[in-house]
Amino acid sequence: MTAIQINSVEKSYKGFKALKGVSLTIEEGEFFGLLGPNGAGKTTLISTVAGLIRPDVGNITIHGHDVVTDFREARKRLGVVPQELVFDPFFTVRETLRLQSGYFGIRNNDAWIDEVMHNLDLTNKADVNMRALSGGMKRRVLVAQALVHKPPVIVLDEPTAGVDVELRQTLWKFISRLNREGHTVVLTTHYLEEAQAMCQRVAMLKLGEVVALDTMSALLRRVSGSQLVVNLKSGDLPEGLRHLVSHDEHVNGNRYTLRVNDVNEVEPILASLRVHGAVIDEMQLEQADLEDIFLQVVGDKQPGGPQ
């Protein structure tokens, strides 16, 4: 079953086109990454999925329910953790979560509220007023609010921005459990190592368009190869290998980073170095990671505009 279907969605703000015909299918039970630099359209897309803004063109459904024409059913199936810290200063943590349950018509939800608080390490803050919480604790409550009605689809918009390592570990442990139990998870984050560790499939946005969409393993194989880093004690890099250089620097000799597609290309490079009299001091084969792919696909500079 399809969890989220996004069909040719466009959205403009005062002449700036934040989304340009975005189409995505996110299947039930996926852990899906939505990545891109600032201004790529990620938050605009999430706000559209959540029904906070309406698309100019196209439509979005959650488990088959249109987010505009059938918004009640769509929102019951969706839990969103926003990027901004938004809270009501007049209630305790438990009261906040009970109120959130009530918005979805759920009574007597304390057993699940207790479980969510336990898994997010909020139990000892249950009766503390929201105003007295640290920023990291407030973010935990935002996560708890998104989960309080047990939504089958969970959207996390920069959930670990500016929080400590403990919260990250606690959050990912709980979210991973929910994903294993069948919940669909959509993640946006600038911490690419988190996306690489958690996401099964990834879409990359640039200037409001999808510029890459594939499984994580396929992206790592197809978009970027490995890198052979060699530090030469003596000699120099042969001219025939210069075209492979992606970066070089001189630190106690010559250090070169060479692009290779797979491990079978390493031995011919070493043979060429030996033939030309170069002596290797250090050598390391590094696998490409999501950051390498991100920089290749979307770059790091874009005009400003809504995210």
# chains A, B, ... in the order shown; residues from 1 in each chain; ligands from 1
>>> closest_atom_pairs(of="region 86-183 of chain A", to="region 38-44 of chain A", cutoff="12 Å", atoms="only C-alpha atoms", output="tab-separated table")
residue	atom	partner	partner_atom	distance
A:Val155	CA	A:Thr43	CA	10.9
A:Leu156	CA	A:Thr43	CA	10.5
A:Asp157	CA	A:Thr43	CA	7.4
A:Glu158	CA	A:Thr43	CA	9.6
>>> write_last_selection(atoms="N, CA and C atoms", output="CSV table (one decimal), in the first residue's frame")
chain,number,residue,atom,x,y,z
A,155,VAL,N,6.4,12.1,10.0
A,155,VAL,CA,7.2,13.0,9.2
A,155,VAL,C,8.1,13.8,10.2
A,156,LEU,N,9.4,13.7,10.1
A,156,LEU,CA,10.4,14.3,11.0
A,156,LEU,C,11.1,15.4,10.2
A,157,ASP,N,10.9,16.6,10.6
A,157,ASP,CA,11.5,17.8,9.9
A,157,ASP,C,12.6,18.3,10.8
A,158,GLU,N,13.9,17.9,10.5
A,158,GLU,CA,15.1,18.3,11.3
A,158,GLU,C,14.8,18.0,12.7
>>> residues_around(residues="Ile293 (chain A)", least_positions_apart="3", cutoff="9 Å", atoms="only C-alpha atoms", output="list in words")
Leu219, Leu220, Val223, Ser224, Ala288, Asp289, Leu290, Gln296, Val297 and Val298 of chain A
>>> atom_distance(atom1="CA of Asp262 (chain A)", atom2="CA of Ala195 (chain A)")
23.6 Å
>>> residues_around(residues="Asp110 (chain A)", least_positions_apart="5", cutoff="9 Å", atoms="only C-alpha atoms", output="PDB file with N, CA and C atoms, in the first residue's frame")
ATOM      1  N   ARG A  94       2.463  16.212  30.466  1.00  0.00           N
ATOM      2  CA  ARG A  94       1.360  15.250  30.377  1.00  0.00           C
ATOM      3  C   ARG A  94       0.082  15.929  29.886  1.00  0.00           C
ATOM      4  N   LEU A  97       0.191  16.424  26.167  1.00  0.00           N
ATOM      5  CA  LEU A  97      -0.024  15.209  25.393  1.00  0.00           C
ATOM      6  C   LEU A  97      -1.478  14.743  25.476  1.00  0.00           C
ATOM      7  N   ARG A  98      -2.135  14.966  26.610  1.00  0.00           N
ATOM      8  CA  ARG A  98      -3.562  14.646  26.712  1.00  0.00           C
ATOM      9  C   ARG A  98      -4.387  15.541  25.794  1.00  0.00           C
ATOM     10  N   GLU A 115       3.990   5.329  27.682  1.00  0.00           N
ATOM     11  CA  GLU A 115       4.980   4.585  26.901  1.00  0.00           C
ATOM     12  C   GLU A 115       5.822   5.526  26.036  1.00  0.00           C
TER      13      GLU A 115
END
>>> residues_around(residues="region 56-65 of chain A", least_positions_apart="4", cutoff="7 Å", atoms="only C-alpha atoms", output="number ranges by chain")
A: 2-11, 49, 70, 73-74
>>> residues_around(residues="Val279 (chain A)", least_positions_apart="6", cutoff="7 Å", atoms="only C-alpha atoms", output="list in words")
Leu232, Lys233, Ser234 and Gly235 of chain A
>>> closest_residue(among="A:Val67, A:Leu24, A:Val245, A:Leu35", to="Gln196 (chain A)", atoms="only C-alpha atoms")
A:Leu35
>>> select_by_dssp(residues="region 106-273 of chain A", states="helix (DSSP H, G or I)", output="PyMOL selection string")
chain A and resi 110-119+123-125+130-132+135-147+165-180+192-198+216-222+239-244+263-273
>>> residues_around(residues="region 163-170 of chain A", least_positions_apart="3", cutoff="6 Å", atoms="only C-alpha atoms", output="ChimeraX atom specification")
/A:136,160,173
>>> residues_around(residues="region 125-127 of chain A", least_positions_apart="3", cutoff="9 Å", atoms="only C-alpha atoms", output="mmCIF file with C-alpha atoms, in the first residue's frame")
data_model
loop_
_atom_site.group_PDB
_atom_site.id
_atom_site.type_symbol
_atom_site.label_atom_id
_atom_site.label_comp_id
_atom_site.auth_asym_id
_atom_site.auth_seq_id
_atom_site.Cartn_x
_atom_site.Cartn_y
_atom_site.Cartn_z
ATOM 1 C CA PHE A 91 0.435 23.212 30.468
ATOM 2 C CA THR A 92 2.631 20.451 31.806
ATOM 3 C CA VAL A 93 4.080 17.779 29.529
ATOM 4 C CA ARG A 94 1.360 15.250 30.377
ATOM 5 C CA GLU A 95 -1.402 17.840 29.956
ATOM 6 C CA ASP A 114 3.290 6.896 29.419
ATOM 7 C CA MET A 117 7.264 9.529 27.490
ATOM 8 C CA ASP A 121 13.040 9.885 28.454
ATOM 9 C CA LEU A 122 10.326 12.354 29.483
ATOM 10 C CA LEU A 133 11.930 22.722 29.901
ATOM 11 C CA MET A 137 13.322 18.586 26.221
#
>>> closest_residue(among="A:Ser47, A:Gln200, A:Asn264, A:Ser176", to="Met216 (chain A)", atoms="only C-alpha atoms")
A:Gln200
>>> atom_distance(atom1="CA of Arg221 (chain A)", atom2="CA of Val153 (chain A)")
28.8 Å
>>> atom_distance(atom1="CA of Leu237 (chain A)", atom2="CA of Asn254 (chain A)")
8.3 Å
>>> select_by_dssp(residues="region 88-205 of chain A", states="strand (DSSP E or B)", output="PyMOL selection string")
chain A and resi 92+129+153-157+184-188+201-205
>>> write_last_selection(atoms="C-alpha atoms", output="CSV table (one decimal), in the first residue's frame")
chain,number,residue,atom,x,y,z
A,92,THR,CA,2.6,20.5,31.8
A,129,ASN,CA,5.4,23.1,32.9
A,153,VAL,CA,2.9,7.9,8.8
A,154,ILE,CA,5.5,9.9,10.7
A,155,VAL,CA,7.2,13.0,9.2
A,156,LEU,CA,10.4,14.3,11.0
A,157,ASP,CA,11.5,17.8,9.9
A,184,THR,CA,6.3,4.8,7.6
A,185,VAL,CA,8.9,7.4,8.4
A,186,VAL,CA,9.9,10.4,6.3
A,187,LEU,CA,13.0,12.3,7.5
A,188,THR,CA,14.5,15.6,6.5
A,201,ARG,CA,15.4,5.3,0.1
A,202,VAL,CA,16.3,8.9,-0.6
A,203,ALA,CA,15.0,11.8,-2.7
A,204,MET,CA,17.2,14.9,-3.2
A,205,LEU,CA,15.6,18.2,-3.9
>>> decode(residues="region 201-239 of chain A", atoms="N, CA and C atoms", output="mmCIF file, in the first residue's frame")
data_model
loop_
_atom_site.group_PDB
_atom_site.id
_atom_site.type_symbol
_atom_site.label_atom_id
_atom_site.label_comp_id
_atom_site.auth_asym_id
_atom_site.auth_seq_id
_atom_site.Cartn_x
_atom_site.Cartn_y
_atom_site.Cartn_z
ATOM 1 N N ARG A 201 15.531 4.627 1.363
ATOM 2 C CA ARG A 201 15.449 5.274 0.062
ATOM 3 C C ARG A 201 15.513 6.781 0.263
ATOM 4 N N VAL A 202 16.021 7.506 -0.737
ATOM 5 C CA VAL A 202 16.281 8.931 -0.590
ATOM 6 C C VAL A 202 15.836 9.685 -1.837
ATOM 7 N N ALA A 203 15.221 10.850 -1.612
ATOM 8 C CA ALA A 203 14.978 11.814 -2.691
ATOM 9 C C ALA A 203 15.756 13.077 -2.356
ATOM 10 N N MET A 204 16.456 13.621 -3.342
ATOM 11 C CA MET A 204 17.181 14.872 -3.156
ATOM 12 C C MET A 204 16.495 15.970 -3.975
ATOM 13 N N LEU A 205 16.245 17.107 -3.310
ATOM 14 C CA LEU A 205 15.607 18.248 -3.949
ATOM 15 C C LEU A 205 16.633 19.341 -4.210
ATOM 16 N N LYS A 206 16.464 20.026 -5.317
ATOM 17 C CA LYS A 206 17.262 21.209 -5.628
ATOM 18 C C LYS A 206 16.379 22.189 -6.378
ATOM 19 N N LEU A 207 16.272 23.389 -5.824
ATOM 20 C CA LEU A 207 15.461 24.437 -6.445
ATOM 21 C C LEU A 207 14.051 23.957 -6.763
ATOM 22 N N GLY A 208 13.466 23.196 -5.831
ATOM 23 C CA GLY A 208 12.085 22.776 -5.969
ATOM 24 C C GLY A 208 11.840 21.590 -6.865
ATOM 25 N N GLU A 209 12.907 20.907 -7.280
ATOM 26 C CA GLU A 209 12.763 19.757 -8.159
ATOM 27 C C GLU A 209 13.483 18.546 -7.577
ATOM 28 N N VAL A 210 12.977 17.360 -7.866
ATOM 29 C CA VAL A 210 13.649 16.119 -7.474
ATOM 30 C C VAL A 210 14.779 15.858 -8.462
ATOM 31 N N VAL A 211 16.020 15.862 -7.968
ATOM 32 C CA VAL A 211 17.177 15.662 -8.844
ATOM 33 C C VAL A 211 17.824 14.283 -8.647
ATOM 34 N N ALA A 212 17.407 13.557 -7.625
ATOM 35 C CA ALA A 212 17.887 12.188 -7.420
ATOM 36 C C ALA A 212 16.844 11.447 -6.601
ATOM 37 N N LEU A 213 16.588 10.191 -6.959
ATOM 38 C CA LEU A 213 15.634 9.360 -6.241
ATOM 39 C C LEU A 213 16.048 7.906 -6.412
ATOM 40 N N ASP A 214 16.474 7.293 -5.314
ATOM 41 C CA ASP A 214 16.928 5.900 -5.418
ATOM 42 C C ASP A 214 17.090 5.329 -4.018
ATOM 43 N N THR A 215 17.375 4.033 -3.954
ATOM 44 C CA THR A 215 17.712 3.432 -2.677
ATOM 45 C C THR A 215 19.071 3.954 -2.225
ATOM 46 N N MET A 216 19.308 3.896 -0.928
ATOM 47 C CA MET A 216 20.585 4.377 -0.408
ATOM 48 C C MET A 216 21.745 3.581 -0.991
ATOM 49 N N SER A 217 21.596 2.268 -1.044
ATOM 50 C CA SER A 217 22.687 1.429 -1.543
ATOM 51 C C SER A 217 22.966 1.717 -3.016
ATOM 52 N N ALA A 218 21.912 1.943 -3.809
ATOM 53 C CA ALA A 218 22.102 2.224 -5.225
ATOM 54 C C ALA A 218 22.775 3.572 -5.440
ATOM 55 N N LEU A 219 22.407 4.562 -4.626
ATOM 56 C CA LEU A 219 23.058 5.873 -4.729
ATOM 57 C C LEU A 219 24.543 5.763 -4.413
ATOM 58 N N LEU A 220 24.859 5.015 -3.366
ATOM 59 C CA LEU A 220 26.260 4.874 -2.974
ATOM 60 C C LEU A 220 27.069 4.170 -4.067
ATOM 61 N N ARG A 221 26.438 3.242 -4.778
ATOM 62 C CA ARG A 221 27.140 2.533 -5.854
ATOM 63 C C ARG A 221 27.219 3.362 -7.137
ATOM 64 N N ARG A 222 26.091 4.002 -7.491
ATOM 65 C CA ARG A 222 25.975 4.575 -8.830
ATOM 66 C C ARG A 222 26.506 6.004 -8.945
ATOM 67 N N VAL A 223 26.225 6.826 -7.934
ATOM 68 C CA VAL A 223 26.526 8.241 -8.064
ATOM 69 C C VAL A 223 27.981 8.551 -7.761
ATOM 70 N N SER A 224 28.566 7.817 -6.849
ATOM 71 C CA SER A 224 29.940 8.137 -6.471
ATOM 72 C C SER A 224 30.708 6.858 -6.177
ATOM 73 N N GLY A 225 31.919 6.759 -6.680
ATOM 74 C CA GLY A 225 32.743 5.594 -6.409
ATOM 75 C C GLY A 225 33.532 5.759 -5.132
ATOM 76 N N SER A 226 34.627 5.013 -5.045
ATOM 77 C CA SER A 226 35.490 5.098 -3.877
ATOM 78 C C SER A 226 36.603 6.110 -4.142
ATOM 79 N N GLN A 227 37.402 6.330 -3.113
ATOM 80 C CA GLN A 227 38.546 7.222 -3.226
ATOM 81 C C GLN A 227 39.783 6.521 -2.675
ATOM 82 N N LEU A 228 40.859 6.551 -3.437
ATOM 83 C CA LEU A 228 42.133 6.013 -2.980
ATOM 84 C C LEU A 228 43.014 7.183 -2.572
ATOM 85 N N VAL A 229 43.324 7.238 -1.296
ATOM 86 C CA VAL A 229 44.162 8.321 -0.770
ATOM 87 C C VAL A 229 45.580 7.776 -0.600
ATOM 88 N N VAL A 230 46.539 8.398 -1.290
ATOM 89 C CA VAL A 230 47.931 7.954 -1.195
ATOM 90 C C VAL A 230 48.809 9.124 -0.774
ATOM 91 N N ASN A 231 49.694 8.846 0.127
ATOM 92 C CA ASN A 231 50.690 9.832 0.539
ATOM 93 C C ASN A 231 52.057 9.310 0.087
ATOM 94 N N LEU A 232 52.720 10.039 -0.812
ATOM 95 C CA LEU A 232 53.981 9.584 -1.389
ATOM 96 C C LEU A 232 55.160 10.074 -0.557
ATOM 97 N N LYS A 233 56.023 9.114 -0.191
ATOM 98 C CA LYS A 233 57.247 9.468 0.527
ATOM 99 C C LYS A 233 58.255 10.099 -0.418
ATOM 100 N N SER A 234 58.297 9.588 -1.644
ATOM 101 C CA SER A 234 59.202 10.145 -2.652
ATOM 102 C C SER A 234 58.592 9.914 -4.032
ATOM 103 N N GLY A 235 59.121 10.623 -5.005
ATOM 104 C CA GLY A 235 58.583 10.524 -6.351
ATOM 105 C C GLY A 235 57.348 11.393 -6.502
ATOM 106 N N ASP A 236 56.702 11.276 -7.650
ATOM 107 C CA ASP A 236 55.544 12.106 -7.941
ATOM 108 C C ASP A 236 54.484 11.273 -8.641
ATOM 109 N N LEU A 237 53.302 11.808 -8.713
ATOM 110 C CA LEU A 237 52.202 11.113 -9.362
ATOM 111 C C LEU A 237 52.422 11.089 -10.877
ATOM 112 N N PRO A 238 52.376 9.929 -11.519
ATOM 113 C CA PRO A 238 52.574 9.860 -12.972
ATOM 114 C C PRO A 238 51.515 10.666 -13.717
ATOM 115 N N GLU A 239 51.891 11.198 -14.847
ATOM 116 C CA GLU A 239 50.980 12.009 -15.652
ATOM 117 C C GLU A 239 49.725 11.227 -16.037
#
